[in-house]
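Q: Coordinates in protein-v4.txt, compact mmCIF, C-alpha atoms and all ligand atoms, are listed below.
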```txt
# COMPACT_ATOMS: atom_id res chain seq x y z
CA MET A 1128 -0.92 27.09 -5.87
CA VAL A 1129 -0.77 25.58 -2.40
CA VAL A 1130 -4.45 24.66 -2.41
CA LEU A 1131 -4.11 23.26 -5.90
CA ALA A 1132 -1.20 21.08 -4.81
CA ILE A 1133 -3.01 19.84 -1.73
CA VAL A 1134 -6.18 18.98 -3.66
CA LEU A 1135 -4.78 17.75 -6.95
CA GLY A 1136 -1.84 15.87 -5.43
CA PRO A 1137 -3.79 12.97 -3.95
CA ILE A 1138 -6.32 12.92 -6.80
CA ILE A 1139 -3.62 12.38 -9.41
CA GLY A 1140 -1.68 10.14 -7.05
CA GLY A 1141 -4.76 7.98 -6.47
CA LEU A 1142 -5.53 7.77 -10.17
CA LEU A 1143 -1.95 6.75 -10.88
CA THR A 1144 -2.24 4.04 -8.24
CA GLY A 1145 -5.45 2.84 -9.88
CA ILE A 1146 -3.76 2.72 -13.27
CA ASP A 1147 -0.87 0.88 -11.68
CA ARG A 1148 -3.23 -1.77 -10.29
CA LYS A 1149 -4.95 -2.13 -13.63
CA ILE A 1150 -1.68 -2.53 -15.53
CA THR A 1151 -0.36 -4.93 -12.92
CA ALA A 1152 -3.51 -7.05 -13.30
CA ARG A 1153 -3.19 -7.03 -17.08
CA LEU A 1154 0.46 -8.04 -16.86
CA GLN A 1155 -0.67 -11.00 -14.76
CA GLY A 1156 -3.39 -11.92 -17.23
CA ARG A 1157 -6.22 -10.67 -15.05
CA PHE A 1158 -8.95 -8.15 -15.77
CA GLY A 1159 -8.12 -5.92 -12.85
CA PRO A 1160 -10.06 -3.54 -10.63
CA PRO A 1161 -11.61 -0.28 -11.86
CA ILE A 1162 -9.26 2.70 -12.09
CA MET A 1163 -11.13 4.41 -9.25
CA GLN A 1164 -10.52 1.48 -6.92
CA PRO A 1165 -7.95 3.23 -4.67
CA PHE A 1166 -10.53 5.95 -3.91
CA TYR A 1167 -13.17 3.36 -3.02
CA ASP A 1168 -10.66 1.72 -0.72
CA VAL A 1169 -9.81 4.96 1.03
CA PHE A 1170 -13.45 6.03 1.43
CA LYS A 1171 -14.36 2.63 2.77
CA LEU A 1172 -11.51 2.72 5.24
CA LEU A 1173 -12.62 6.16 6.40
CA GLY A 1174 -16.00 4.69 7.29
CA LYS A 1175 -14.64 1.78 9.29
CA GLU A 1176 -14.67 1.46 13.02
CA LYS A 1177 -11.78 3.26 14.74
CA PHE A 1178 -9.50 0.60 16.13
CA ILE A 1179 -6.45 1.94 17.90
CA ASN A 1180 -3.85 0.45 20.16
CA ASN A 1181 -2.88 3.71 21.81
CA LYS A 1182 -3.60 7.37 21.25
CA VAL A 1183 -0.02 8.19 20.28
CA GLN A 1184 -0.54 6.26 17.07
CA ILE A 1185 -3.11 8.79 15.86
CA VAL A 1186 -0.72 11.66 16.44
CA TYR A 1187 1.98 9.90 14.46
CA VAL A 1188 -0.33 9.09 11.55
CA ILE A 1189 -1.49 12.69 11.33
CA THR A 1190 2.11 13.89 11.56
CA TYR A 1191 3.04 11.55 8.73
CA LEU A 1192 0.23 12.84 6.54
CA PHE A 1193 1.06 16.45 7.38
CA PHE A 1194 4.74 16.11 6.55
CA ALA A 1195 4.09 14.16 3.37
CA MET A 1196 1.72 16.95 2.33
CA LEU A 1197 4.21 19.62 3.36
CA SER A 1198 7.06 18.06 1.39
CA PHE A 1199 4.93 17.94 -1.75
CA VAL A 1200 3.72 21.51 -1.28
CA LEU A 1201 7.30 22.71 -0.73
CA PHE A 1202 8.27 20.97 -3.93
CA VAL A 1203 5.48 22.57 -5.92
CA LEU A 1204 6.44 25.96 -4.51
CA GLY A 1205 9.97 25.40 -5.79
CA GLN A 1206 11.66 25.36 -2.41
CA ASP A 1207 14.93 23.93 -1.19
CA LEU A 1208 15.52 20.28 -2.14
CA ILE A 1209 17.42 19.50 1.05
CA ALA A 1210 14.56 20.86 3.14
CA ILE A 1211 12.10 18.78 1.13
CA ILE A 1212 14.09 15.62 1.70
CA PHE A 1213 14.34 16.42 5.38
CA VAL A 1214 10.59 16.98 5.71
CA LEU A 1215 9.93 13.75 3.83
CA THR A 1216 12.20 11.87 6.21
CA VAL A 1217 10.54 13.37 9.28
CA GLY A 1218 7.19 12.17 7.94
CA GLY A 1219 8.52 8.68 7.30
CA GLY A 1220 10.07 8.69 10.76
CA ALA A 1221 6.73 9.60 12.31
CA MET A 1222 5.05 6.62 10.73
CA VAL A 1223 7.80 4.32 11.95
CA MET A 1224 7.43 5.69 15.47
CA GLY A 1225 3.70 5.02 15.26
CA ALA A 1226 4.34 1.45 14.24
CA LEU A 1227 6.98 1.02 16.93
CA SER A 1228 4.61 2.26 19.61
CA VAL A 1229 2.67 -1.01 19.38
CA ARG A 1230 4.05 -4.20 20.80
CA SER A 1231 3.24 -6.35 17.84
CA PRO A 1232 6.15 -8.31 16.39
CA TYR A 1233 4.92 -7.73 12.84
CA SER A 1234 4.80 -4.00 13.11
CA GLN A 1235 8.11 -3.98 15.02
CA ILE A 1236 9.94 -5.93 12.34
CA GLY A 1237 8.16 -3.92 9.69
CA SER A 1238 9.29 -0.64 11.19
CA GLN A 1239 12.87 -1.82 11.53
CA ARG A 1240 12.80 -2.66 7.87
CA GLU A 1241 11.22 0.68 7.07
CA ILE A 1242 14.10 2.39 8.86
CA LEU A 1243 16.54 0.37 6.78
CA GLN A 1244 14.69 1.42 3.67
CA MET A 1245 14.92 5.05 4.67
CA LEU A 1246 18.61 4.60 5.38
CA ALA A 1247 18.98 3.11 1.93
CA TYR A 1248 17.31 5.81 -0.11
CA ASP A 1249 17.91 8.97 1.91
CA PRO A 1250 21.66 9.25 1.15
CA LEU A 1251 20.89 8.67 -2.52
CA LEU A 1252 18.27 11.42 -2.54
CA ILE A 1253 20.69 13.81 -0.87
CA ILE A 1254 23.44 12.94 -3.34
CA THR A 1255 20.94 13.54 -6.13
CA ALA A 1256 20.25 16.98 -4.68
CA VAL A 1257 23.99 17.63 -4.37
CA ALA A 1258 24.59 16.57 -7.96
CA MET A 1259 21.84 18.95 -9.06
CA PHE A 1260 23.53 21.68 -7.03
CA MET A 1261 26.87 20.99 -8.72
CA VAL A 1262 25.29 21.53 -12.10
CA THR A 1263 22.89 24.37 -11.43
CA GLY A 1264 24.48 26.10 -8.45
CA SER A 1265 21.30 25.99 -6.39
CA PHE A 1266 19.34 23.63 -4.17
CA LYS A 1267 16.10 25.41 -4.96
CA VAL A 1268 13.71 23.51 -7.19
CA ALA A 1269 12.61 26.76 -8.85
CA GLU A 1270 16.17 27.69 -9.74
CA ILE A 1271 17.06 24.20 -10.90
CA VAL A 1272 14.12 24.44 -13.27
CA ASN A 1273 15.04 27.97 -14.38
CA TYR A 1274 18.62 26.97 -15.03
CA GLN A 1275 17.50 24.21 -17.37
CA ILE A 1276 15.09 26.46 -19.21
CA HIS A 1277 17.71 29.22 -19.65
CA ASN A 1278 20.56 27.00 -20.75
CA ASN A 1279 18.28 24.58 -22.54
CA THR A 1280 20.27 21.65 -21.18
CA PRO A 1281 18.18 19.11 -19.30
CA LEU A 1282 19.83 17.62 -16.23
CA LEU A 1283 19.33 14.19 -17.71
CA TYR A 1284 22.14 14.85 -20.20
CA VAL A 1285 24.67 15.74 -17.55
CA LEU A 1286 23.46 13.43 -14.77
CA PRO A 1287 22.43 10.22 -16.52
CA LEU A 1288 23.94 7.92 -13.88
CA VAL A 1289 22.23 9.79 -11.05
CA PHE A 1290 18.98 9.31 -12.92
CA ILE A 1291 19.54 5.56 -13.09
CA VAL A 1292 20.05 5.56 -9.33
CA LEU A 1293 16.75 7.44 -8.99
CA ILE A 1294 15.01 4.40 -10.50
CA GLU A 1295 16.09 2.40 -7.50
CA VAL A 1296 15.13 5.16 -5.07
CA LEU A 1297 11.72 5.35 -6.66
CA SER A 1298 11.08 1.66 -6.37
CA ILE A 1299 12.07 1.65 -2.71
CA LYS A 1300 9.89 4.69 -2.06
CA MET A 1301 6.93 3.27 -3.96
CA ARG A 1302 7.21 -0.04 -2.06
CA LYS A 1303 7.64 -1.96 -5.26
CA SER A 1304 9.33 -5.29 -5.75
CA PRO A 1305 12.20 -6.07 -5.37
CA PHE A 1306 12.27 -3.57 -2.53
CA ASP A 1307 8.86 -4.02 -0.90
CA ILE A 1308 10.45 -5.42 2.22
CA SER A 1309 8.86 -3.29 4.91
CA ALA A 1310 5.29 -3.39 3.64
CA GLY A 1311 4.05 -4.56 0.30
CA GLN A 1312 1.85 -2.50 -1.92
CA HIS A 1313 -1.59 -3.72 -3.02
CA ALA A 1314 -2.34 -7.03 -1.38
CA HIS A 1315 1.22 -8.29 -1.30
CA GLN A 1316 1.90 -9.75 2.10
CA GLU A 1317 5.17 -9.42 3.89
CA ILE A 1318 5.29 -10.13 7.63
CA VAL A 1319 1.53 -9.61 7.41
CA ARG A 1320 1.55 -5.93 6.40
CA GLY A 1321 4.83 -4.78 7.85
CA VAL A 1322 4.71 -1.23 9.20
CA HIS A 1323 1.05 -0.90 8.30
CA THR A 1324 -0.07 -3.96 10.26
CA GLU A 1325 -1.27 -2.12 13.32
CA PHE A 1326 -2.92 0.80 11.58
CA SER A 1327 -6.50 0.18 10.61
CA GLY A 1328 -9.66 1.88 9.45
CA PRO A 1329 -9.46 5.66 8.99
CA TYR A 1330 -5.80 5.76 10.00
CA LEU A 1331 -4.86 3.37 7.24
CA ALA A 1332 -6.77 5.62 4.86
CA LEU A 1333 -4.70 8.61 5.99
CA ILE A 1334 -1.52 6.61 5.44
CA GLU A 1335 -2.68 5.73 1.96
CA VAL A 1336 -3.36 9.40 1.14
CA ALA A 1337 0.05 10.35 2.52
CA HIS A 1338 1.54 7.71 0.28
CA TRP A 1339 -0.08 9.36 -2.74
CA TYR A 1340 1.58 12.66 -1.84
CA GLU A 1341 4.90 10.88 -1.55
CA LEU A 1342 4.34 9.21 -4.90
CA MET A 1343 3.69 12.60 -6.49
CA LEU A 1344 6.82 14.01 -4.89
CA ALA A 1345 8.90 11.07 -6.11
CA LEU A 1346 7.59 11.54 -9.65
CA GLY A 1347 8.30 15.26 -9.29
CA PHE A 1348 11.94 14.38 -8.67
CA VAL A 1349 11.92 12.51 -11.95
CA ALA A 1350 10.27 15.39 -13.77
CA ILE A 1351 12.88 18.01 -12.84
CA PHE A 1352 15.49 15.98 -14.68
CA PHE A 1353 14.01 17.27 -17.91
CA ALA A 1354 12.56 20.60 -16.86
CA SER A 1355 13.60 22.37 -20.06
CA ASN A 1356 10.70 20.78 -21.87
CA TRP A 1357 7.59 19.85 -19.90
CA TYR A 1358 6.23 17.50 -22.57
CA ILE A 1359 9.36 15.41 -22.46
CA ALA A 1360 9.35 15.62 -18.67
CA ALA A 1361 5.82 14.23 -18.60
CA THR A 1362 6.79 11.44 -20.98
CA LEU A 1363 9.80 10.69 -18.83
CA VAL A 1364 7.60 10.39 -15.76
CA ILE A 1365 5.18 8.07 -17.54
CA VAL A 1366 7.99 5.88 -18.88
CA MET A 1367 9.56 5.74 -15.44
CA TYR A 1368 6.25 4.78 -13.85
CA LEU A 1369 5.66 2.02 -16.37
CA LEU A 1370 9.20 0.82 -15.84
CA GLU A 1371 8.57 0.57 -12.12
CA ILE A 1372 5.41 -1.44 -12.69
CA ILE A 1373 7.18 -3.82 -15.02
CA LEU A 1374 10.07 -4.16 -12.58
CA ASP A 1375 7.55 -4.84 -9.83
CA ASN A 1376 6.00 -7.67 -11.80
CA THR A 1377 9.18 -9.27 -13.04
CA THR A 1378 11.25 -9.34 -9.89
CA ALA A 1379 10.94 -11.14 -6.59
CA ARG A 1380 11.37 -9.56 -3.20
CA LEU A 1381 14.94 -9.25 -1.94
CA THR A 1382 16.35 -9.23 1.56
CA TRP A 1383 17.16 -5.96 3.28
CA LYS A 1384 20.89 -6.75 3.13
CA TRP A 1385 20.73 -6.94 -0.60
CA MET A 1386 18.83 -3.69 -0.70
CA LEU A 1387 21.42 -1.87 1.40
CA LYS A 1388 24.26 -3.31 -0.65
CA SER A 1389 22.73 -2.34 -3.93
CA ALA A 1390 21.62 1.10 -2.76
CA TRP A 1391 24.88 2.03 -1.10
CA GLY A 1392 27.27 0.07 -3.29
CA PHE A 1393 25.76 0.45 -6.71
CA GLY A 1394 23.89 3.69 -6.04
CA ILE A 1395 26.57 5.72 -4.33
CA VAL A 1396 29.29 4.56 -6.75
CA LEU A 1397 27.22 5.51 -9.77
CA CYS A 1398 26.42 8.90 -8.28
CA ALA A 1399 30.07 9.49 -7.37
CA VAL A 1400 31.25 8.59 -10.87
CA ASN A 1401 28.70 11.00 -12.29
CA ILE A 1402 29.72 13.81 -9.96
CA ILE A 1403 33.42 13.28 -10.68
CA ALA A 1404 32.68 13.29 -14.38
CA LEU A 1405 31.10 16.73 -13.95
CA TYR A 1406 34.59 18.16 -13.30
CA PHE A 1407 35.78 17.01 -16.71
CA ILE A 1408 32.96 18.27 -18.87
CA MET B 503 -21.55 9.88 3.94
CA GLY B 504 -23.11 8.57 0.75
CA LEU B 505 -19.69 8.32 -0.83
CA ILE B 506 -18.40 6.22 2.02
CA ASN B 507 -21.41 3.93 1.97
CA ASN B 508 -21.18 3.43 -1.77
CA SER B 509 -17.51 2.62 -1.47
CA ARG B 510 -18.01 -0.06 1.12
CA ALA B 511 -19.48 -2.63 -1.21
CA LYS B 512 -16.91 -1.80 -3.85
CA SER B 513 -13.89 -2.62 -1.80
CA PRO B 514 -14.39 -5.64 0.42
CA TRP B 515 -11.05 -6.85 1.67
CA VAL B 516 -11.10 -10.45 2.76
CA VAL B 517 -9.03 -12.28 5.29
CA HIS B 518 -8.97 -16.04 4.99
CA PHE B 519 -8.74 -18.17 8.11
CA ASP B 520 -8.13 -21.88 7.81
CA CYS B 521 -9.47 -23.62 10.90
CA GLY B 522 -8.11 -26.99 9.98
CA SER B 523 -9.51 -27.80 6.60
CA CYS B 524 -8.25 -30.54 4.33
CA ASN B 525 -6.95 -27.67 2.16
CA GLY B 526 -9.52 -28.48 -0.50
CA CYS B 527 -11.52 -25.38 0.31
CA ASP B 528 -8.39 -23.27 0.77
CA ILE B 529 -7.23 -24.08 -2.70
CA GLU B 530 -10.62 -23.09 -4.05
CA VAL B 531 -10.47 -19.79 -2.13
CA LEU B 532 -7.09 -19.07 -3.65
CA ALA B 533 -8.38 -20.11 -7.05
CA CYS B 534 -10.67 -17.08 -6.88
CA LEU B 535 -7.58 -14.89 -7.08
CA THR B 536 -6.25 -16.50 -10.24
CA PRO B 537 -6.68 -14.95 -13.70
CA LEU B 538 -9.64 -17.26 -14.43
CA TYR B 539 -11.84 -15.85 -11.66
CA ASP B 540 -9.91 -12.71 -10.67
CA ILE B 541 -11.94 -11.37 -7.76
CA GLU B 542 -9.89 -8.17 -7.78
CA ARG B 543 -12.29 -7.11 -10.54
CA PHE B 544 -14.76 -6.36 -7.75
CA GLY B 545 -12.12 -4.67 -5.65
CA ILE B 546 -11.78 -7.74 -3.46
CA LEU B 547 -8.29 -8.13 -2.04
CA ASN B 548 -6.96 -11.04 -0.05
CA ILE B 549 -5.40 -8.89 2.63
CA GLY B 550 -4.07 -11.33 5.21
CA ASN B 551 -4.43 -8.90 8.10
CA PRO B 552 -7.66 -9.02 10.09
CA LYS B 553 -7.23 -5.38 11.15
CA HIS B 554 -7.58 -4.28 7.54
CA ALA B 555 -10.27 -6.73 6.49
CA ASP B 556 -14.03 -6.46 6.00
CA VAL B 557 -14.92 -10.05 5.22
CA LEU B 558 -13.75 -13.11 7.11
CA LEU B 559 -13.65 -16.33 5.09
CA VAL B 560 -13.53 -19.40 7.29
CA THR B 561 -12.73 -22.84 5.93
CA GLY B 562 -12.44 -26.19 7.64
CA THR B 563 -13.62 -27.61 10.90
CA VAL B 564 -13.35 -25.69 14.14
CA ASN B 565 -12.07 -27.57 17.11
CA PRO B 566 -11.50 -26.66 20.75
CA ARG B 567 -7.86 -25.95 20.03
CA ASN B 568 -8.41 -23.23 17.46
CA GLU B 569 -11.72 -21.71 18.46
CA ARG B 570 -9.81 -19.19 20.58
CA VAL B 571 -7.76 -18.16 17.53
CA LEU B 572 -10.87 -17.92 15.38
CA ARG B 573 -12.59 -15.70 17.91
CA ASN B 574 -9.47 -13.59 18.19
CA VAL B 575 -9.25 -13.08 14.42
CA TYR B 576 -12.96 -12.25 14.31
CA GLU B 577 -12.66 -9.68 17.06
CA GLN B 578 -9.73 -7.98 15.39
CA ILE B 579 -11.78 -7.08 12.33
CA PRO B 580 -13.21 -3.58 12.67
CA GLU B 581 -16.96 -3.13 12.18
CA PRO B 582 -18.77 -3.39 9.81
CA LYS B 583 -17.79 -6.94 8.99
CA VAL B 584 -19.31 -10.12 7.63
CA VAL B 585 -18.35 -13.75 8.08
CA VAL B 586 -18.59 -16.29 5.28
CA ALA B 587 -18.32 -19.97 6.20
CA ILE B 588 -16.94 -21.90 3.24
CA GLY B 589 -17.40 -25.60 2.67
CA ALA B 590 -19.33 -28.30 4.43
CA CYS B 591 -16.77 -28.44 7.22
CA ALA B 592 -17.13 -24.81 8.17
CA CYS B 593 -20.93 -24.87 7.85
CA THR B 594 -21.69 -27.99 9.88
CA GLY B 595 -18.57 -30.01 10.43
CA GLY B 596 -19.10 -31.89 7.17
CA VAL B 597 -17.79 -35.43 6.99
CA PHE B 598 -15.92 -34.86 10.22
CA ALA B 599 -18.99 -33.76 12.16
CA ASP B 600 -19.00 -36.87 14.34
CA CYS B 601 -15.36 -36.72 15.30
CA TYR B 602 -14.74 -36.27 19.02
CA ASN B 603 -12.70 -33.11 18.47
CA VAL B 604 -14.88 -31.32 15.94
CA ILE B 605 -17.26 -28.48 16.70
CA GLN B 606 -20.25 -28.67 14.36
CA GLY B 607 -19.94 -25.45 12.48
CA VAL B 608 -18.27 -22.10 12.73
CA ASP B 609 -21.54 -20.51 13.80
CA LYS B 610 -21.20 -22.17 17.20
CA ILE B 611 -18.27 -19.86 17.88
CA ILE B 612 -18.85 -16.64 15.95
CA PRO B 613 -21.89 -15.21 14.13
CA VAL B 614 -21.92 -16.35 10.51
CA ASP B 615 -23.69 -14.34 7.80
CA VAL B 616 -23.33 -16.52 4.73
CA TYR B 617 -22.95 -20.27 4.32
CA VAL B 618 -21.29 -21.55 1.16
CA PRO B 619 -21.99 -25.25 0.70
CA GLY B 620 -19.85 -27.75 -1.15
CA CYS B 621 -17.02 -30.14 -0.53
CA ALA B 622 -14.97 -28.49 -1.76
CA ALA B 623 -16.93 -25.31 -2.43
CA ARG B 624 -16.48 -24.21 -6.02
CA PRO B 625 -14.85 -20.83 -6.69
CA GLU B 626 -18.08 -19.65 -8.36
CA ALA B 627 -19.96 -20.50 -5.19
CA ILE B 628 -17.39 -18.71 -3.09
CA ILE B 629 -17.65 -15.57 -5.22
CA ASP B 630 -21.45 -15.79 -4.95
CA GLY B 631 -21.08 -16.14 -1.21
CA VAL B 632 -18.91 -13.06 -0.94
CA VAL B 633 -21.32 -11.07 -3.12
CA LEU B 634 -24.22 -12.17 -0.92
CA GLY B 635 -22.07 -11.19 2.02
CA LEU B 636 -21.81 -7.71 0.55
CA GLN B 637 -25.59 -7.36 0.57
CA LYS B 638 -25.63 -8.32 4.22
CA PHE B 639 -22.88 -5.83 4.67
CA GLN B 640 -25.06 -3.10 3.20
CA GLU B 641 -27.90 -4.05 5.53
CA LYS B 642 -25.58 -3.93 8.51
CA VAL B 643 -24.31 -0.53 7.48
CA GLU B 644 -27.86 0.77 7.18
CA LYS B 645 -28.66 -0.59 10.59
CA MET B 646 -25.52 1.01 11.97
CA ASN B 647 -26.43 4.35 10.43
CA LYS B 648 -29.92 4.19 11.88
CA LYS B 649 -28.43 3.54 15.26
CA ALA B 650 -26.07 6.48 14.79
CA VAL B 651 -29.00 8.74 13.89
CA GLY B 652 -30.95 7.43 16.85
CA ASN B 653 -28.20 8.33 19.26
S1 LIG A 1501 -15.60 -29.04 3.02
FE1 LIG A 1501 -14.55 -30.75 2.01
S2 LIG A 1501 -12.94 -29.76 0.82
FE2 LIG A 1501 -13.66 -28.26 2.30
S3 LIG A 1501 -12.28 -28.45 4.03
FE3 LIG A 1501 -14.06 -29.79 4.43
S4 LIG A 1501 -13.45 -31.78 3.65
FE4 LIG A 1501 -12.03 -30.30 2.77
```
Starting from the file, give its structure as structure tokens.
A:
Amino acid sequence: MVVLAIVLGPIIGGLLTGIDRKITARLQGRFGPPIMQPFYDVFKLLGKEKFINNKVQIVYVITYLFFAMLSFVLFVLGQDLIAIIFVLTVGGGAMVMGALSVRSPYSQIGSQREILQMLAYDPLLIITAVAMFMVTGSFKVAEIVNYQIHNNTPLLYVLPLVFIVLIEVLSIKMRKSPFDISAGQHAHQEIVRGVHTEFSGPYLALIEVAHWYELMLALGFVAIFFASNWYIAATLVIVMYLLEIILDNTTARLTWKWMLKSAWGFGIVLCAVNIIALYFI
Amino acid sequence: MGLINNSRAKSPWVVHFDCGSCNGCDIEVLACLTPLYDIERFGILNIGNPKHADVLLVTGTVNPRNERVLRNVYEQIPEPKVVVAIGACACTGGVFADCYNVIQGVDKIIPVDVYVPGCAARPEAIIDGVVLGLQKFQEKVEKMNKKAVGN
């Protein structure tokens, strides 16, 4: 199971990214790159010259990849949601530290923005986990899934508002517009490349692979909202992914202030309303 | 290793440096990204960060004020890399060649692999130039590999 997760995670994640690029191109009236393009990019980057600013950077990149991998594996093994979120955050933090270790203004600003992004979505993820706990009585992914299968009530029915908030979390996590403020996806430029500016060659490839794990984890979060029926869960994930792509193409980038306001204001209020409503049903 | 080498030509990321062009060539470079030409079909991305790029597109005339910047951008691109000089200005100085402040061609400052003529260079020519650049790229990679084996 662990090996399967480690191997299949980035393969599916990379394919999804390729499909994303293709759909994005089609939405913009272009033909678009081949679906396998993200893999070509990563392999090419692996073969590039190693350009580093300091050795610490390498440690941080590897830490980031390791923790992204670990959080996905923990998720697949059905472990504690809070632990998963914590591991995910440690990984994100490692990448920010790597970017901060270079005295380049672009990567400095980028990492400050990345920290703001993490501050924006982390509370929401934790509240999501808490809301799941309120319903199922457990933080464990395995038990959350079991609960839904036994009672045949998908979480989506009882936590619809939390799910809406997850849309925002997902688009921050996937670096999609309107929240691609720390580093854009694809070739979108924002303060050059934000946090990724100073990582190059093989290290950028590792970051990309880590991002695929994170993408899979984020989609996993979506899937456990309908764990009572895996077909519907898969459909839900696909719909969500398409929604993110469409959002990405129809919105413009926002400022970080707006992101914090919407994540904390809109997100936390919606979650709170949903959790309070749980007491009445 | 074969996988990596095959991938190289399939994902050339370009960084575009404007040395001081009249913007004619720049607009044509950007036109390559539009739905009509869509260079992302070939996996080409306009990346904007020399540290991530493989191909450097230079437009416009170099002058003593920006040659330092040009060299800096060139040196920040990790090997293997190719340089494409776009437009008459970048190739030779073009109509401005005789100006007191113009250096006659990018190749006086950094090694250039492909010259794309035209004033302004047409997007088709630019795409051709980048594709030719990719062949050079392949040659360079082979040379690099031979060196690696030799060591
Ligand atoms: S070659 Fe012509 S179009 Fe291009 S930068 Fe020079 S003058 Fe402008």
Q: Could the residues that lie within 9 Å of ligand LIG 1501 (chain A), counting only C-alpha atoms and all ligand atoms, be listed as a VMD selection string?
A: chain B and resid 520 to 530 561 to 563 588 to 593 595 to 598 619 to 623
Q: Would you write out, as a tab-separated table, a table of all residues in chain B that have an atom no more than 7 Å from an atom of chain A, listing for each the closest atom pair and the distance in Å to one decimal, considering all atoms listed in the file and ordering rows by chain and rising residue number?
A:
```
residue	atom	partner	partner_atom	distance
B:Ile506	CA	A:Phe1170	CA	5.0
B:Ser509	CA	A:Tyr1167	CA	4.7
B:Arg510	CA	A:Lys1171	CA	4.8
B:Lys512	CA	A:Tyr1167	CA	6.4
B:Ser513	CA	A:Asp1168	CA	5.5
B:Pro537	CA	A:Arg1157	CA	4.5
B:Asp540	CA	A:Arg1157	CA	6.1
B:Glu542	CA	A:Pro1160	CA	5.4
B:Arg543	CA	A:Pro1160	CA	4.2
B:Phe544	CA	A:Pro1160	CA	6.2
B:Gly545	CA	A:Pro1160	CA	5.5
B:Leu547	CA	A:Ala1314	CA	6.1
B:Asn548	CA	A:Ala1314	CA	6.3
B:Ile549	CA	A:Ala1314	CA	5.4
B:Gly550	CA	A:Val1319	CA	6.3
B:Asn551	CA	A:Val1319	CA	6.0
B:Lys553	CA	A:Ser1327	CA	5.6
B:His554	CA	A:Ser1327	CA	5.5
B:Pro580	CA	A:Glu1176	CA	5.3
B:Glu581	CA	A:Glu1176	CA	5.2
B:Pro582	CA	A:Lys1175	CA	6.6
```
Q: So that I can check the surroundings of Leu1363 of chain A, please list as number ranges by chain every protein, DNA and RNA residue that reaches within 8 Å of it, counting only C-alpha atoms and ignoring chain neighbours fewer than 2 positions away.
A: A: 1349-1350, 1353, 1359-1361, 1365-1367
Q: Tell me, as JSON, numbers by chain, which residues lie within 9 Å of Val1229 of chain A, counting all atoms listed in the file; anything in the same chain fewer than 5 positions away does not count.
A: {"A": [1180, 1181, 1184, 1234, 1235, 1325]}
Q: What does the distance from atom CA of Ile541 of chain B to atom CA of Tyr617 of chain B come to in Å, to one decimal?
A: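 It comes out at 18.6 Å.
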Q: Go ahead and find all residues with at least one atom no further than 10 Å from (23.2, -0.3, -0.2) in the file's coordinates, using all atoms listed in the file; report them as an NGL selection string.
A: :A and (1243-1244 or 1246-1248 or 1250-1251 or 1383-1395)
Q: Just give me the gap between atom CA of Ile579 of chain B and atom CA of Lys638 of chain B in Å, one decimal is fine.
A: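 Computed distance, atom CA of Ile579 of chain B to atom CA of Lys638 of chain B, equals 16.1 Å.
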Q: Enter the distance from atom CA of Gly1136 of chain A to atom CA of Asp1307 of chain A, in Å, rounded to one decimal.
A: 23.0 Å
Q: Just checking: using only C-alpha atoms, which residue out of A:Leu1397, A:Val1188, A:Val1268, A:Leu1374 ends up closest to Pro1305 of chain A?
A: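 Of A:Leu1397, A:Val1188, A:Val1268, A:Leu1374, the one nearest Pro1305 of chain A, counting only C-alpha atoms, is A:Leu1374.
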Q: Find the residue from A:Gly1225, A:Pro1281, A:Gly1347, A:Gly1141 that sits nearest to Met1259 of chain A; use all atoms listed in the file when measuring.
A: A:Pro1281
Q: With distances taken over all atoms listed in the file, which of B:Leu558, B:Val643, B:Val571, B:Ile628 is nearest to Pro613 of chain B?
A: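 Among B:Leu558, B:Val643, B:Val571, B:Ile628, it is B:Leu558 that comes nearest to Pro613 of chain B.
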Q: Point out the residue among B:Val584, B:Gly607, B:Glu626, B:Leu532 with the least atom-to-atom distance to Glu641 of chain B, counting only C-alpha atoms.
A: B:Val584
Q: Give the answer as one residue: which of A:Leu1208, A:Leu1381, A:Ile1236, A:Leu1143 has the shortest atom-to-atom distance to Tyr1368 of chain A, using only C-alpha atoms?
A: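 Closest candidate: A:Leu1143.
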Q: Quick one: of A:Leu1201, A:Ile1373, A:Ala1258, A:Val1186, who's nearest to Val1285 of chain A, counting only C-alpha atoms?
A: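 Closest to Val1285 of chain A, using only C-alpha atoms: A:Ala1258.
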Q: Given 4 Å on each side, where is the centre and what are the edge lengths in Å to one decimal of the axis-aligned box enclosing the listed atoms of segment 1209-1218 of chain A, as AutoDock Vina command-line options?
A:
```
--center_x 12.3 --center_y 16.4 --center_z 5.2 --size_x 18.2 --size_y 17.0 --size_z 16.2
```
Q: Could you give me, as a ChimeraX atom specification, the residues within 7 Å of segment 1212-1220 of chain A, counting all atoms listed in the file and dropping anything in the same chain fewer than 4 positions from it?
A: /A:1190-1191,1194-1195,1198,1208,1224
